[in-house]
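Here's the structure, in structure tokens; my notes come after.
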Amino acid sequence: MVRLANLLFAGVVCVVISMMIVTLTTSSKRAQSHSERAHPHSDPTSATAGDLANPTTFPIVVRKPARPPQIKLAGSDPQGRSGSVACATCHSVRPPNLANKTAESLDEFHQGLQFNHGQLSCYSCHNPQNADELRLADGAAVEYADVMTLCTQCHSKQAESFAHGAHGGMNGFWDLSRGPQAKNNCIDCHDPHAPNYPKMIVDFKPRDRFLDLQRAEHDNHE
């Protein structure tokens, strides 16, 4: 009789333990399913691999003109203040003169302008229909902020060097996973009417005190 009671007690204990295991397993599966529905693309293993394969890439920032150029007025008011006006202030009330192709032909406005840019004329780059815009070789209008689109039509070699960072006064990081780059616009350095730089003699760069310090520390460790 005692043996039968022990067997019955053991059976009840096994049933209770089995029910507890089934309950815990079901709850775990439900929690996992809920998590997958809430985050369908979350996979810790693949996310880590993706971060290693695609590290953070910082931007390349190219400076742009904030607006079309302003023409400074020659006169001043009684308080000594001088103003400036947009190109369209005058050009919108007079028809474009396509005969103006050299600085010498400018007998009324823009006198004294230095112009030496190949065989180009004023309206090779300026839009005769809107003085506050530029125009491409095919006649399409382009904003002053996108002046580099105009420049790269002819200066393709310089544009290629610019893309590689060898032109444009690049500052910042070559490795974009470590930090951003900043570059000048074409007209930040070049006068668009006379873009050639004067002849210069290449000289050695200034002494780099930080580089010299690193060399000194390296020599001391040796």
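Residue numbering restarts at 1 in every chain; chains get A, B, ... in the order shown in the structure tokens, and ligands count up from 1 in that same order.
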
- Close residues, region 145-151 of chain A itself excluded, 7 Å, only C-alpha atoms, min 3 positions apart in chain, as a PyMOL selection string: chain A and resi 64-67+136+142+154-155+186

Give me, as a JSON list (two decimals) with N, CA and C atoms, in the first residue's frame, all polymer residues having an atom no more than 9 Å from Asp175 (chain A), counting only C-alpha atoms and skipping those fewer than 5 positions away in the same chain.
```
[["chain", "number", "residue", "atom", "x", "y", "z"],
["A", 57, "THR", "N", 29.65, 56.87, -42.71],
["A", 57, "THR", "CA", 30.31, 57.69, -43.72],
["A", 57, "THR", "C", 29.92, 59.14, -43.51],
["A", 58, "PHE", "N", 30.91, 60.00, -43.29],
["A", 58, "PHE", "CA", 30.66, 61.42, -43.08],
["A", 58, "PHE", "C", 30.50, 62.12, -44.43],
["A", 180, "PRO", "N", 34.31, 64.38, -41.68],
["A", 180, "PRO", "CA", 33.84, 64.96, -42.94],
["A", 180, "PRO", "C", 34.95, 65.67, -43.70],
["A", 181, "GLN", "N", 34.65, 65.99, -44.95],
["A", 181, "GLN", "CA", 35.52, 66.80, -45.80],
["A", 181, "GLN", "C", 34.81, 68.12, -46.11]]
```

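Using only C-alpha atoms, the nearest neighbour of Thr152 (chain A) within the list A:Gln70, A:Asn97, A:Asn185, A:Thr56 is A:Asn185.
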
- Message: Env of Ser82 (chain A): 8 Å cut, atoms = only C-alpha atoms, seq-sep filter 6 positions within chain, self excluded. Answer as a list in words.
- Response: Lys72, Leu73, Ala74, Gly75 and Ser76 of chain A
